[in-house]
file run.txt (compact mmCIF, C-alpha atoms)
# COMPACT_ATOMS: atom_id res chain seq x y z
CA MET A 7 -9.19 -14.18 -8.78
CA MET A 8 -9.69 -10.77 -7.26
CA HIS A 9 -8.88 -7.67 -9.30
CA CYS A 10 -9.05 -3.99 -8.45
CA PRO A 11 -12.41 -2.56 -9.51
CA ALA A 12 -11.07 -0.16 -12.08
CA ASP A 13 -8.39 -0.21 -14.74
CA THR A 14 -6.00 2.59 -13.80
CA LEU A 15 -3.32 1.90 -16.40
CA GLY A 16 -2.05 5.04 -18.05
CA GLN A 17 -3.37 7.13 -15.17
CA HIS A 18 -1.64 8.84 -12.29
CA GLY A 19 -2.32 9.03 -8.60
CA PRO A 20 -4.88 11.61 -7.51
CA GLU A 21 -2.34 13.74 -5.67
CA MET A 22 0.57 13.24 -8.09
CA ASN A 23 1.72 16.23 -10.16
CA LEU A 24 2.96 14.98 -13.52
CA SER A 25 4.46 18.37 -14.41
CA GLN A 26 7.04 18.19 -11.62
CA PRO A 27 10.39 16.38 -11.60
CA TYR A 28 10.30 12.82 -10.26
CA ASP A 29 12.81 10.13 -9.38
CA THR A 30 12.87 7.29 -11.92
CA LEU A 31 11.15 6.23 -15.11
CA TRP A 32 11.33 2.52 -15.90
CA THR A 33 10.71 1.82 -19.58
CA ASN A 34 10.41 -1.06 -22.04
CA GLY A 35 9.33 -3.65 -19.50
CA ASN A 36 6.60 -6.25 -19.42
CA LEU A 37 4.58 -5.12 -16.41
CA VAL A 38 2.49 -7.68 -14.52
CA THR A 39 0.33 -5.15 -12.72
CA MET A 40 -2.19 -7.62 -11.21
CA ALA A 41 -4.78 -4.96 -12.01
CA GLY A 42 -6.55 -4.20 -15.25
CA SER A 43 -8.50 -6.15 -17.79
CA ASP A 44 -6.76 -9.53 -18.00
CA GLU A 45 -5.84 -12.08 -15.35
CA TYR A 46 -2.27 -10.80 -14.93
CA GLY A 47 -2.99 -7.17 -15.88
CA ILE A 48 -0.06 -7.30 -18.33
CA VAL A 49 1.22 -4.15 -20.00
CA ARG A 50 3.71 -5.10 -22.72
CA LYS A 51 6.28 -2.50 -23.65
CA GLY A 52 5.21 -0.74 -20.50
CA ALA A 53 6.59 2.03 -18.37
CA MET A 54 6.37 2.90 -14.69
CA ALA A 55 7.29 6.18 -13.04
CA VAL A 56 8.34 6.21 -9.38
CA SER A 57 8.69 9.18 -7.07
CA ASP A 58 9.28 9.40 -3.31
CA GLY A 59 8.75 5.67 -2.93
CA ARG A 60 5.35 5.66 -4.66
CA ILE A 61 4.21 4.66 -8.11
CA LEU A 62 3.44 7.83 -10.04
CA TRP A 63 2.33 6.49 -13.44
CA VAL A 64 1.86 3.10 -15.11
CA GLY A 65 1.06 2.46 -18.74
CA PRO A 66 2.39 1.72 -22.22
CA VAL A 67 5.56 3.44 -23.35
CA GLY A 68 3.61 4.96 -26.21
CA GLY A 69 1.53 6.91 -23.72
CA LEU A 70 4.50 8.89 -22.42
CA SER A 71 4.91 12.51 -23.46
CA PRO A 72 8.41 13.90 -24.13
CA ALA A 73 7.86 16.45 -21.36
CA PHE A 74 7.02 13.74 -18.83
CA ILE A 75 10.09 11.70 -19.82
CA SER A 76 12.31 14.77 -19.45
CA ASN A 77 11.09 15.30 -15.88
CA ALA A 78 12.65 11.99 -14.73
CA SER A 79 15.88 12.25 -12.76
CA ALA A 80 16.83 8.83 -14.12
CA VAL A 81 15.53 6.63 -16.94
CA GLU A 82 16.09 2.87 -16.70
CA ASP A 83 15.61 0.64 -19.76
CA LEU A 84 14.27 -2.76 -18.70
CA ALA A 85 15.00 -4.30 -22.11
CA GLY A 86 11.88 -6.46 -22.04
CA ALA A 87 12.30 -7.79 -18.49
CA TRP A 88 9.21 -8.91 -16.53
CA ILE A 89 8.15 -6.83 -13.53
CA THR A 90 5.69 -7.89 -10.82
CA PRO A 91 4.55 -6.40 -7.53
CA GLY A 92 6.61 -7.50 -4.54
CA LEU A 93 5.49 -10.85 -3.16
CA ILE A 94 3.54 -10.90 0.11
CA ASP A 95 3.65 -13.82 2.54
CA CYS A 96 0.53 -13.16 4.61
CA HIS A 97 0.67 -16.06 7.14
CA THR A 98 3.91 -17.11 8.84
CA HIS A 99 5.24 -18.23 12.21
CA LEU A 100 8.79 -17.37 11.16
CA VAL A 101 10.03 -16.29 14.61
CA TYR A 102 10.74 -19.28 16.83
CA ALA A 103 13.56 -21.22 18.49
CA GLY A 104 14.64 -24.81 18.18
CA SER A 105 13.79 -27.54 15.68
CA ARG A 106 11.13 -30.21 15.38
CA ALA A 107 12.89 -32.50 12.94
CA ASN A 108 12.27 -35.36 15.39
CA GLU A 109 8.53 -34.88 14.93
CA PHE A 110 9.01 -35.12 11.18
CA GLU A 111 10.55 -38.54 11.74
CA MET A 112 7.63 -39.52 14.01
CA ARG A 113 5.12 -38.42 11.40
CA ILE A 114 6.88 -40.35 8.64
CA LYS A 115 6.69 -43.42 10.88
CA GLY A 116 2.93 -43.04 11.18
CA ALA A 117 2.16 -40.74 14.12
CA SER A 118 -0.66 -38.23 13.55
CA TYR A 119 -0.51 -34.51 14.29
CA GLN A 120 -2.87 -35.06 17.22
CA GLU A 121 -0.81 -37.99 18.58
CA ILE A 122 2.38 -35.93 18.44
CA ALA A 123 0.68 -33.09 20.30
CA ALA A 124 -0.70 -35.48 22.93
CA SER A 125 2.80 -36.88 23.58
CA GLY A 126 4.21 -33.47 24.46
CA GLY A 127 5.29 -32.50 20.96
CA GLY A 128 3.67 -30.09 18.59
CA ILE A 129 3.35 -26.42 19.40
CA VAL A 130 4.16 -26.98 23.08
CA SER A 131 7.66 -28.24 22.24
CA THR A 132 8.42 -24.98 20.44
CA VAL A 133 6.94 -23.08 23.39
CA ARG A 134 9.53 -24.73 25.64
CA ALA A 135 12.33 -23.77 23.24
CA VAL A 136 11.16 -20.15 22.95
CA ARG A 137 10.80 -19.74 26.70
CA ALA A 138 14.33 -21.09 27.21
CA ALA A 139 15.91 -18.84 24.56
CA SER A 140 16.95 -15.21 24.85
CA GLU A 141 15.64 -12.51 22.55
CA ASP A 142 19.03 -12.42 20.81
CA GLU A 143 19.04 -16.19 20.31
CA ILE A 144 15.56 -16.17 18.79
CA TYR A 145 16.51 -13.25 16.55
CA MET A 146 19.64 -14.97 15.27
CA GLN A 147 17.74 -18.18 14.55
CA SER A 148 14.94 -16.34 12.76
CA LEU A 149 17.02 -13.99 10.61
CA PRO A 150 18.26 -16.66 8.13
CA ARG A 151 14.67 -17.72 7.53
CA LEU A 152 13.73 -14.15 6.70
CA GLU A 153 16.71 -13.83 4.35
CA ALA A 154 15.67 -17.00 2.51
CA MET A 155 12.23 -15.51 1.94
CA MET A 156 13.71 -12.26 0.63
CA ALA A 157 15.79 -14.21 -1.87
CA ASP A 158 12.55 -15.68 -3.21
CA GLY A 159 10.98 -12.26 -3.79
CA VAL A 160 9.12 -11.55 -0.54
CA THR A 161 8.90 -7.83 0.20
CA THR A 162 6.09 -7.98 2.81
CA LEU A 163 5.93 -10.58 5.54
CA GLU A 164 3.36 -11.24 8.26
CA ILE A 165 4.86 -12.83 11.39
CA LYS A 166 2.81 -14.20 14.30
CA SER A 167 3.71 -14.58 17.93
CA GLY A 168 2.23 -17.61 19.68
CA TYR A 169 5.13 -19.67 21.00
CA GLY A 170 5.48 -17.78 24.30
CA LEU A 171 1.96 -18.18 25.72
CA ASP A 172 2.54 -15.93 28.70
CA VAL A 173 3.02 -12.19 28.94
CA PRO A 174 6.84 -11.98 29.11
CA ASN A 175 7.48 -14.56 26.40
CA GLU A 176 4.82 -13.28 24.00
CA LEU A 177 6.33 -9.82 24.45
CA LYS A 178 9.76 -11.33 23.80
CA MET A 179 8.55 -12.80 20.52
CA LEU A 180 6.92 -9.53 19.49
CA ALA A 181 10.15 -7.71 20.34
CA VAL A 182 12.03 -10.00 17.96
CA ILE A 183 9.44 -9.36 15.23
CA HIS A 184 9.80 -5.60 15.68
CA ARG A 185 13.60 -5.91 15.68
CA LEU A 186 13.45 -7.74 12.34
CA LYS A 187 11.17 -4.98 11.10
CA ALA A 188 13.63 -2.29 12.19
CA GLU A 189 16.81 -3.99 10.98
CA THR A 190 15.71 -5.33 7.58
CA PRO A 191 14.10 -3.56 4.61
CA LEU A 192 11.01 -5.77 4.51
CA ARG A 193 7.52 -4.64 5.43
CA ILE A 194 6.85 -6.82 8.46
CA ILE A 195 3.33 -7.09 9.85
CA PRO A 196 3.21 -8.39 13.46
CA THR A 197 0.21 -10.48 14.52
CA PHE A 198 -0.57 -11.51 18.10
CA LEU A 199 -1.36 -15.24 18.39
CA GLY A 200 -1.44 -15.70 22.14
CA ALA A 201 -4.26 -18.22 21.64
CA HIS A 202 -2.15 -20.66 19.65
CA THR A 203 -2.55 -23.54 22.08
CA VAL A 204 -3.13 -24.07 25.79
CA PRO A 205 0.26 -23.90 27.57
CA PRO A 206 1.30 -26.80 29.82
CA GLU A 207 0.69 -24.89 33.05
CA PHE A 208 -2.98 -24.47 32.04
CA ALA A 209 -3.54 -28.07 30.93
CA GLY A 210 -7.22 -28.91 31.36
CA ARG A 211 -8.02 -25.26 32.13
CA ALA A 212 -8.41 -23.71 28.70
CA ASP A 213 -11.05 -21.24 29.85
CA GLU A 214 -8.70 -19.88 32.48
CA TYR A 215 -6.01 -19.44 29.87
CA VAL A 216 -8.45 -17.53 27.66
CA ASP A 217 -9.07 -15.29 30.70
CA ARG A 218 -5.32 -14.63 30.76
CA VAL A 219 -5.25 -13.81 27.04
CA VAL A 220 -8.24 -11.47 27.26
CA GLU A 221 -7.49 -9.77 30.57
CA GLU A 222 -3.68 -9.56 30.58
CA MET A 223 -2.06 -10.22 27.21
CA LEU A 224 -4.32 -8.37 24.80
CA PRO A 225 -4.44 -5.11 26.79
CA VAL A 226 -0.63 -4.98 26.98
CA VAL A 227 -0.19 -5.76 23.29
CA ALA A 228 -2.75 -3.12 22.32
CA ALA A 229 -1.40 -0.47 24.68
CA LYS A 230 2.14 -0.91 23.36
CA GLY A 231 1.04 -1.05 19.71
CA LEU A 232 2.84 -4.34 19.21
CA ALA A 233 0.46 -6.06 16.80
CA ARG A 234 -1.56 -5.15 13.73
CA ALA A 235 -4.04 -8.01 14.20
CA VAL A 236 -5.08 -10.83 16.55
CA ASP A 237 -5.21 -14.48 15.49
CA VAL A 238 -6.57 -17.64 17.16
CA PHE A 239 -6.18 -21.37 16.47
CA CYS A 240 -9.80 -22.55 16.50
CA GLU A 241 -9.60 -26.34 16.50
CA LYS A 242 -10.16 -29.35 18.75
CA ILE A 243 -6.51 -29.25 19.81
CA GLY A 244 -6.63 -25.46 20.11
CA PHE A 245 -9.61 -23.37 21.18
CA SER A 246 -13.34 -23.90 20.85
CA PRO A 247 -15.58 -21.53 18.87
CA ALA A 248 -16.94 -20.12 22.15
CA GLN A 249 -13.44 -19.46 23.49
CA THR A 250 -12.42 -17.99 20.14
CA GLU A 251 -15.40 -15.64 20.19
CA ARG A 252 -14.38 -14.32 23.61
CA ILE A 253 -11.00 -13.36 22.17
CA PHE A 254 -12.59 -11.82 19.08
CA LYS A 255 -14.82 -9.63 21.25
CA ALA A 256 -11.86 -8.48 23.32
CA ALA A 257 -9.78 -7.73 20.22
CA LYS A 258 -12.59 -5.76 18.63
CA ALA A 259 -13.02 -3.74 21.83
CA LEU A 260 -9.35 -2.78 21.49
CA ASP A 261 -9.76 -1.89 17.79
CA LEU A 262 -7.55 -4.76 16.68
CA PRO A 263 -8.52 -6.57 13.45
CA ILE A 264 -8.83 -10.34 13.61
CA LYS A 265 -7.68 -13.35 11.64
CA LEU A 266 -8.30 -17.05 12.25
CA HIS A 267 -6.72 -20.47 11.80
CA ALA A 268 -9.98 -22.08 10.71
CA ASP A 269 -11.29 -25.50 9.74
CA GLN A 270 -7.87 -27.10 9.25
CA LEU A 271 -8.46 -30.44 10.96
CA SER A 272 -12.24 -30.45 11.37
CA ASP A 273 -15.34 -28.48 10.41
CA SER A 274 -15.51 -26.30 13.53
CA LYS A 275 -17.49 -23.51 11.82
CA GLY A 276 -14.60 -21.24 12.71
CA ALA A 277 -14.67 -19.57 9.31
CA VAL A 278 -18.31 -18.58 9.74
CA LEU A 279 -17.56 -17.20 13.20
CA ALA A 280 -14.62 -15.19 11.89
CA ALA A 281 -16.66 -13.82 9.00
CA ARG A 282 -19.33 -12.65 11.44
CA TYR A 283 -16.64 -10.57 13.16
CA GLN A 284 -15.40 -9.17 9.82
CA ALA A 285 -12.09 -11.02 9.96
CA LEU A 286 -9.41 -9.98 7.52
CA SER A 287 -8.86 -13.62 6.62
CA VAL A 288 -9.56 -17.23 7.48
CA ASP A 289 -6.62 -19.55 6.93
CA HIS A 290 -6.20 -23.27 6.07
CA LEU A 291 -9.85 -24.26 5.34
CA GLU A 292 -9.35 -27.90 4.36
CA TYR A 293 -12.57 -28.78 6.21
CA LEU A 294 -14.55 -25.67 5.25
CA ASP A 295 -18.08 -26.67 4.28
CA SER A 296 -19.16 -25.18 0.97
CA SER A 297 -22.40 -24.00 2.55
CA ASP A 298 -20.37 -21.65 4.75
CA ILE A 299 -18.65 -19.88 1.85
CA PRO A 300 -21.35 -17.22 1.28
CA ALA A 301 -20.58 -15.86 4.75
CA LEU A 302 -16.99 -15.22 3.64
CA ALA A 303 -18.13 -13.53 0.44
CA ARG A 304 -20.64 -11.30 2.26
CA ASN A 305 -18.06 -10.13 4.77
CA ASP A 306 -15.15 -9.48 2.39
CA CYS A 307 -13.06 -12.17 4.10
CA VAL A 308 -10.01 -13.57 2.32
CA ALA A 309 -9.46 -17.34 2.19
CA VAL A 310 -5.76 -18.01 2.79
CA LEU A 311 -4.59 -21.35 1.38
CA LEU A 312 -1.60 -22.99 3.05
CA PRO A 313 -0.47 -25.84 0.78
CA GLY A 314 2.80 -26.33 2.66
CA ALA A 315 0.96 -27.64 5.72
CA PHE A 316 -1.36 -29.70 3.49
CA HIS A 317 1.71 -31.32 1.90
CA TYR A 318 3.70 -31.73 5.09
CA LEU A 319 0.89 -33.36 7.04
CA GLY A 320 -0.02 -35.69 4.17
CA GLU A 321 -3.55 -34.28 4.20
CA THR A 322 -6.03 -35.56 1.62
CA ARG A 323 -8.95 -33.25 2.27
CA LYS A 324 -8.63 -30.14 0.11
CA PRO A 325 -10.07 -26.66 0.62
CA PRO A 326 -13.17 -26.14 -1.56
CA VAL A 327 -11.31 -24.01 -4.09
CA ALA A 328 -13.84 -24.33 -6.91
CA ALA A 329 -16.66 -23.19 -4.63
CA LEU A 330 -14.57 -20.31 -3.27
CA ARG A 331 -13.78 -19.26 -6.83
CA GLU A 332 -17.43 -19.49 -7.87
CA ALA A 333 -18.48 -17.33 -4.91
CA GLY A 334 -15.88 -14.69 -5.70
CA VAL A 335 -14.00 -15.12 -2.42
CA PRO A 336 -10.44 -13.82 -2.91
CA MET A 337 -7.87 -16.56 -2.31
CA ALA A 338 -4.41 -15.81 -0.95
CA VAL A 339 -1.48 -18.25 -0.80
CA SER A 340 1.14 -18.37 1.95
CA THR A 341 3.99 -20.53 3.21
CA ASP A 342 2.65 -20.94 6.78
CA CYS A 343 6.34 -21.09 7.66
CA ASN A 344 6.49 -22.82 11.04
CA PRO A 345 8.69 -25.42 12.74
CA GLY A 346 6.19 -28.25 13.01
CA THR A 347 3.85 -28.48 10.04
CA SER A 348 5.28 -26.29 7.27
CA PRO A 349 9.00 -25.48 7.54
CA LEU A 350 8.70 -23.85 4.12
CA LEU A 351 10.89 -20.87 3.20
CA SER A 352 9.89 -20.43 -0.44
CA LEU A 353 6.73 -18.54 -1.33
CA ARG A 354 7.16 -19.52 -4.97
CA SER A 355 7.14 -23.17 -3.93
CA ALA A 356 3.88 -22.50 -2.10
CA MET A 357 2.54 -21.06 -5.38
CA ASN A 358 3.51 -24.26 -7.17
CA MET A 359 1.88 -26.42 -4.49
CA ALA A 360 -1.30 -24.35 -4.67
CA CYS A 361 -1.47 -25.05 -8.40
CA VAL A 362 -0.62 -28.76 -8.17
CA PHE A 363 -2.57 -29.67 -5.02
CA PHE A 364 -5.45 -27.20 -5.10
CA GLN A 365 -5.79 -26.59 -8.86
CA LEU A 366 -5.24 -22.86 -8.78
CA THR A 367 -4.12 -21.41 -12.08
CA PRO A 368 -0.67 -19.77 -12.16
CA ALA A 369 -2.42 -16.40 -12.42
CA GLU A 370 -4.54 -17.19 -9.36
CA ALA A 371 -1.42 -18.27 -7.49
CA LEU A 372 0.32 -14.99 -8.33
CA ALA A 373 -2.78 -13.04 -7.27
CA GLY A 374 -2.62 -15.09 -4.07
CA VAL A 375 0.80 -13.71 -3.17
CA THR A 376 0.17 -10.15 -4.37
CA ILE A 377 -3.23 -8.44 -4.51
CA ASN A 378 -5.15 -11.00 -2.43
CA ALA A 379 -2.36 -11.39 0.13
CA ALA A 380 -2.37 -7.62 0.56
CA HIS A 381 -6.15 -7.80 1.12
CA ALA A 382 -5.61 -10.52 3.77
CA LEU A 383 -3.43 -8.04 5.70
CA GLY A 384 -5.74 -5.06 5.21
CA LEU A 385 -3.11 -3.44 2.96
CA GLN A 386 -4.89 -3.62 -0.39
CA ASN A 387 -4.74 0.17 -0.78
CA GLU A 388 -0.99 0.24 -0.14
CA ILE A 389 0.64 -2.74 -1.88
CA GLY A 390 -0.12 -5.80 -3.99
CA THR A 391 -0.47 -4.24 -7.47
CA LEU A 392 1.48 -1.93 -9.73
CA GLU A 393 -0.90 1.03 -9.66
CA PRO A 394 -0.46 4.77 -9.27
CA GLY A 395 -0.44 5.92 -5.67
CA LYS A 396 0.70 2.59 -4.23
CA ALA A 397 4.08 1.88 -2.68
CA ALA A 398 6.79 1.14 -5.25
CA ASP A 399 7.42 -2.43 -4.12
CA PHE A 400 8.32 -4.38 -7.24
CA LEU A 401 10.50 -7.20 -8.54
CA ILE A 402 12.45 -7.70 -11.77
CA TRP A 403 12.59 -11.35 -12.83
CA ASN A 404 14.68 -13.50 -15.14
CA ILE A 405 11.66 -15.17 -16.73
CA ASP A 406 9.95 -15.42 -20.12
CA SER A 407 6.38 -15.41 -18.77
CA PRO A 408 4.71 -14.83 -15.38
CA ALA A 409 3.56 -18.48 -15.26
CA GLU A 410 7.21 -19.46 -14.66
CA LEU A 411 6.96 -18.09 -11.14
CA ALA A 412 4.62 -20.95 -10.20
CA TYR A 413 5.98 -23.45 -12.71
CA GLN A 414 9.62 -23.67 -11.64
CA ILE A 415 10.37 -25.25 -8.27
CA GLY A 416 13.45 -23.73 -6.70
CA GLY A 417 16.23 -21.90 -8.48
CA ASN A 418 16.99 -18.20 -8.45
CA LEU A 419 14.68 -16.32 -10.81
CA LEU A 420 14.89 -12.96 -9.06
CA ARG A 421 17.05 -10.27 -10.65
CA ASP A 422 16.31 -7.18 -8.57
CA MET A 423 14.10 -6.13 -5.66
CA PHE A 424 12.75 -2.67 -4.90
CA ILE A 425 10.94 -1.67 -1.71
CA ASN A 426 9.53 1.86 -1.49
CA GLY A 427 11.30 2.58 -4.76
CA LYS A 428 14.74 1.73 -3.38
CA LYS A 429 16.83 -1.15 -4.68
CA ARG A 430 17.41 -3.71 -1.98
CA PRO A 431 19.72 -6.69 -1.84
CA CYS A 432 17.72 -9.92 -1.97
CA SER A 433 19.01 -10.71 1.50
CA ARG A 434 20.11 -8.67 4.49
CA SER A 435 23.82 -8.87 3.70
call {"tool": "encode", "arguments": {"input": "run.txt", "output": "structure tokens"}}
result
Amino acid sequence: MMHCPADTLGQHGPEMNLSQPYDTLWTNGNLVTMAGSDEYGIVRKGAMAVSDGRILWVGPVGGLSPAFISNASAVEDLAGAWITPGLIDCHTHLVYAGSRANEFEMRIKGASYQEIAASGGGIVSTVRAVRAASEDEIYMQSLPRLEAMMADGVTTLEIKSGYGLDVPNELKMLAVIHRLKAETPLRIIPTFLGAHTVPPEFAGRADEYVDRVVEEMLPVVAAKGLARAVDVFCEKIGFSPAQTERIFKAAKALDLPIKLHADQLSDSKGAVLAARYQALSVDHLEYLDSSDIPALARNDCVAVLLPGAFHYLGETRKPPVAALREAGVPMAVSTDCNPGTSPLLSLRSAMNMACVFFQLTPAEALAGVTINAAHALGLQNEIGTLEPGKAADFLIWNIDSPAELAYQIGGNLLRDMFINGKKRPCSRS
């Protein structure tokens, strides 16, 4: 599990003035900082000061001076409640139209992912639905999914495009993502996934479609500031390593960070390619060869585990978690919320699956949706831990230990949510 390099408990942010009045002091809580000396970074009988949406001070109650306490505009007694950083879902396809429940039936009856795609299903079926839907229709279908994630404790959410596959429809998807960002309290990170699959009109002409992505789509997305990163599906039914590299080069030329769907269905060496281009993350990794892991470690690349897709597809090949752990590669966990292979709306359920299927510990699973998920989005200096100077995104839980967050499947464990220090309803309404 990845931890911050230094224990900052009991300290304050470098530009924070502890002699000045501040907003709120939270006291008598069990703080799961995800930083510090143990695997959860627990501070029992802890306190946290928040001012202007940032964490000002974290440490044991006994470390508070009377003068510092008196500077708080409000003091809230947590009465022993457990506090964690806000949860971060760092890989989703939450914005889409339509349903693929029929493909679920096909899969249960024995059809493979590749067979479904070859018959006109798969990603292309959602492309048809997105192209046929208006921006308002896509927004209204996507909003309930976002609200379900909020109710499970998600405060930061990455959302990819990738079901439009032409300029107007990719821009339509990105417009919906930005509308969700503007109209809900969540931190929403838009990612451009124009290279999700080859659209029907380019069947058999994948290189020409890559030309379209590189020469038309990426420049527009970059010029309008519509995405924080660029992703590609590097796989036999997606794009080859050579085609992927063309997109990486174009993204880098536009100063856009990269991510990659890598080694999900075969060992394509996509993870090694992504690491060479200093990708923020490589995601899936069921077929990652252990010999390729040092490249991830050398290039500070996060391995994002997506147990929902593993479960949904009935996969048996597991990511090499033990080898990733041994190499010190940070592992994040995400829902991969999408209509075809992981219609999963609970990040805590993904934590449970990561423990049961991939043998992560509950502490590793929590790191996977906090500090390591923040790293996978390039936001490790902003969110993911309870540390001075970071955004005051935190959750108050009805639990007796942090392991319960991965242990219990379903149910409502969340008591309160705070984003930028402000209490938020655990849904939009």
call {"tool": "residues_around", "arguments": {"input": "run.txt", "residues": "Ala154 (chain A)", "least_positions_apart": "2", "cutoff": "10 Å", "atoms": "all atoms listed in the file", "output": "ChimeraX atom specification"}}
result
/A:149-152,156-160,350-353,432-434
call {"tool": "closest_atom_pairs", "arguments": {"input": "run.txt", "of": "region 318-360 of chain A", "to": "region 83-107 of chain A", "cutoff": "8 Å", "atoms": "all atoms listed in the file", "output": "tab-separated table"}}
result
residue	atom	partner	partner_atom	distance
A:Ala338	CA	A:Cys96	CA	7.9
A:Val339	CA	A:Asp95	CA	7.6
A:Ser340	CA	A:Asp95	CA	5.2
A:Thr341	CA	A:Thr98	CA	6.6
A:Asp342	CA	A:Thr98	CA	4.5
A:Cys343	CA	A:Thr98	CA	4.8
A:Asn344	CA	A:His99	CA	4.9
A:Pro345	CA	A:Arg106	CA	6.0
A:Gly346	CA	A:Arg106	CA	5.8
A:Leu353	CA	A:Asp95	CA	6.8
call {"tool": "residues_around", "arguments": {"input": "run.txt", "residues": "Leu385 (chain A)", "least_positions_apart": "2", "cutoff": "12 Å", "atoms": "all atoms listed in the file", "output": "list in words"}}
result
Ile94, Cys96, Thr162, Leu163, Glu164, Arg193, Ile194, Ile195, Arg234, Leu286, Thr376, Ile377, Asn378, Ala379, Ala380, His381, Ala382, Leu383, Asn387, Glu388, Ile389, Gly390, Thr391, Lys396 and Ala397 of chain A
call {"tool": "closest_residue", "arguments": {"input": "run.txt", "among": "A:Ala229, A:Leu330, A:Leu171, A:Ile114", "to": "Phe208 (chain A)", "atoms": "only C-alpha atoms"}}
result
A:Leu171
call {"tool": "atom_distance", "arguments": {"input": "run.txt", "atom1": "CA of Ile299 (chain A)", "atom2": "CA of Ser274 (chain A)"}}
result
13.7 Å
call {"tool": "closest_residue", "arguments": {"input": "run.txt", "among": "A:Gly374, A:Gly168, A:Gly395, A:Gly427", "to": "Thr197 (chain A)", "atoms": "all atoms listed in the file"}}
result
A:Gly168
call {"tool": "atom_distance", "arguments": {"input": "run.txt", "atom1": "CA of Pro247 (chain A)", "atom2": "CA of Thr203 (chain A)"}}
result
13.6 Å
call {"tool": "residues_around", "arguments": {"input": "run.txt", "residues": "Leu419 (chain A)", "least_positions_apart": "5", "cutoff": "8 Å", "atoms": "all atoms listed in the file", "output": "list in words"}}
result
Asp158, Trp403, Asn404, Ile405 and Leu411 of chain A
call {"tool": "decode", "arguments": {"input": "run.txt", "residues": "region 181-206 of chain A", "atoms": "C-alpha atoms", "output": "mmCIF file, in the first residue's frame"}}
result
data_model
loop_
_atom_site.group_PDB
_atom_site.id
_atom_site.type_symbol
_atom_site.label_atom_id
_atom_site.label_comp_id
_atom_site.auth_asym_id
_atom_site.auth_seq_id
_atom_site.Cartn_x
_atom_site.Cartn_y
_atom_site.Cartn_z
ATOM 1 C CA ALA A 181 -20.694 18.539 -22.189
ATOM 2 C CA VAL A 182 -22.782 16.199 -20.042
ATOM 3 C CA ILE A 183 -19.754 15.433 -17.849
ATOM 4 C CA HIS A 184 -19.103 19.151 -17.358
ATOM 5 C CA ARG A 185 -22.785 19.758 -16.621
ATOM 6 C CA LEU A 186 -22.687 17.106 -13.891
ATOM 7 C CA LYS A 187 -19.573 18.805 -12.567
ATOM 8 C CA ALA A 188 -21.304 22.187 -12.481
ATOM 9 C CA GLU A 189 -24.623 21.025 -11.049
ATOM 10 C CA THR A 190 -23.472 18.590 -8.344
ATOM 11 C CA PRO A 191 -21.021 19.048 -5.461
ATOM 12 C CA LEU A 192 -18.698 16.232 -6.515
ATOM 13 C CA ARG A 193 -15.199 16.718 -7.861
ATOM 14 C CA ILE A 194 -15.608 15.354 -11.378
ATOM 15 C CA ILE A 195 -12.546 14.647 -13.502
ATOM 16 C CA PRO A 196 -13.311 14.393 -17.257
ATOM 17 C CA THR A 197 -11.210 12.020 -19.362
ATOM 18 C CA PHE A 198 -11.269 11.849 -23.168
ATOM 19 C CA LEU A 199 -11.614 8.267 -24.443
ATOM 20 C CA GLY A 200 -12.202 8.838 -28.139
ATOM 21 C CA ALA A 201 -10.165 5.689 -28.821
ATOM 22 C CA HIS A 202 -12.573 3.364 -27.029
ATOM 23 C CA THR A 203 -13.346 1.252 -30.072
ATOM 24 C CA VAL A 204 -13.479 1.636 -33.850
ATOM 25 C CA PRO A 205 -16.903 3.071 -34.793
ATOM 26 C CA PRO A 206 -19.030 1.228 -37.366
#
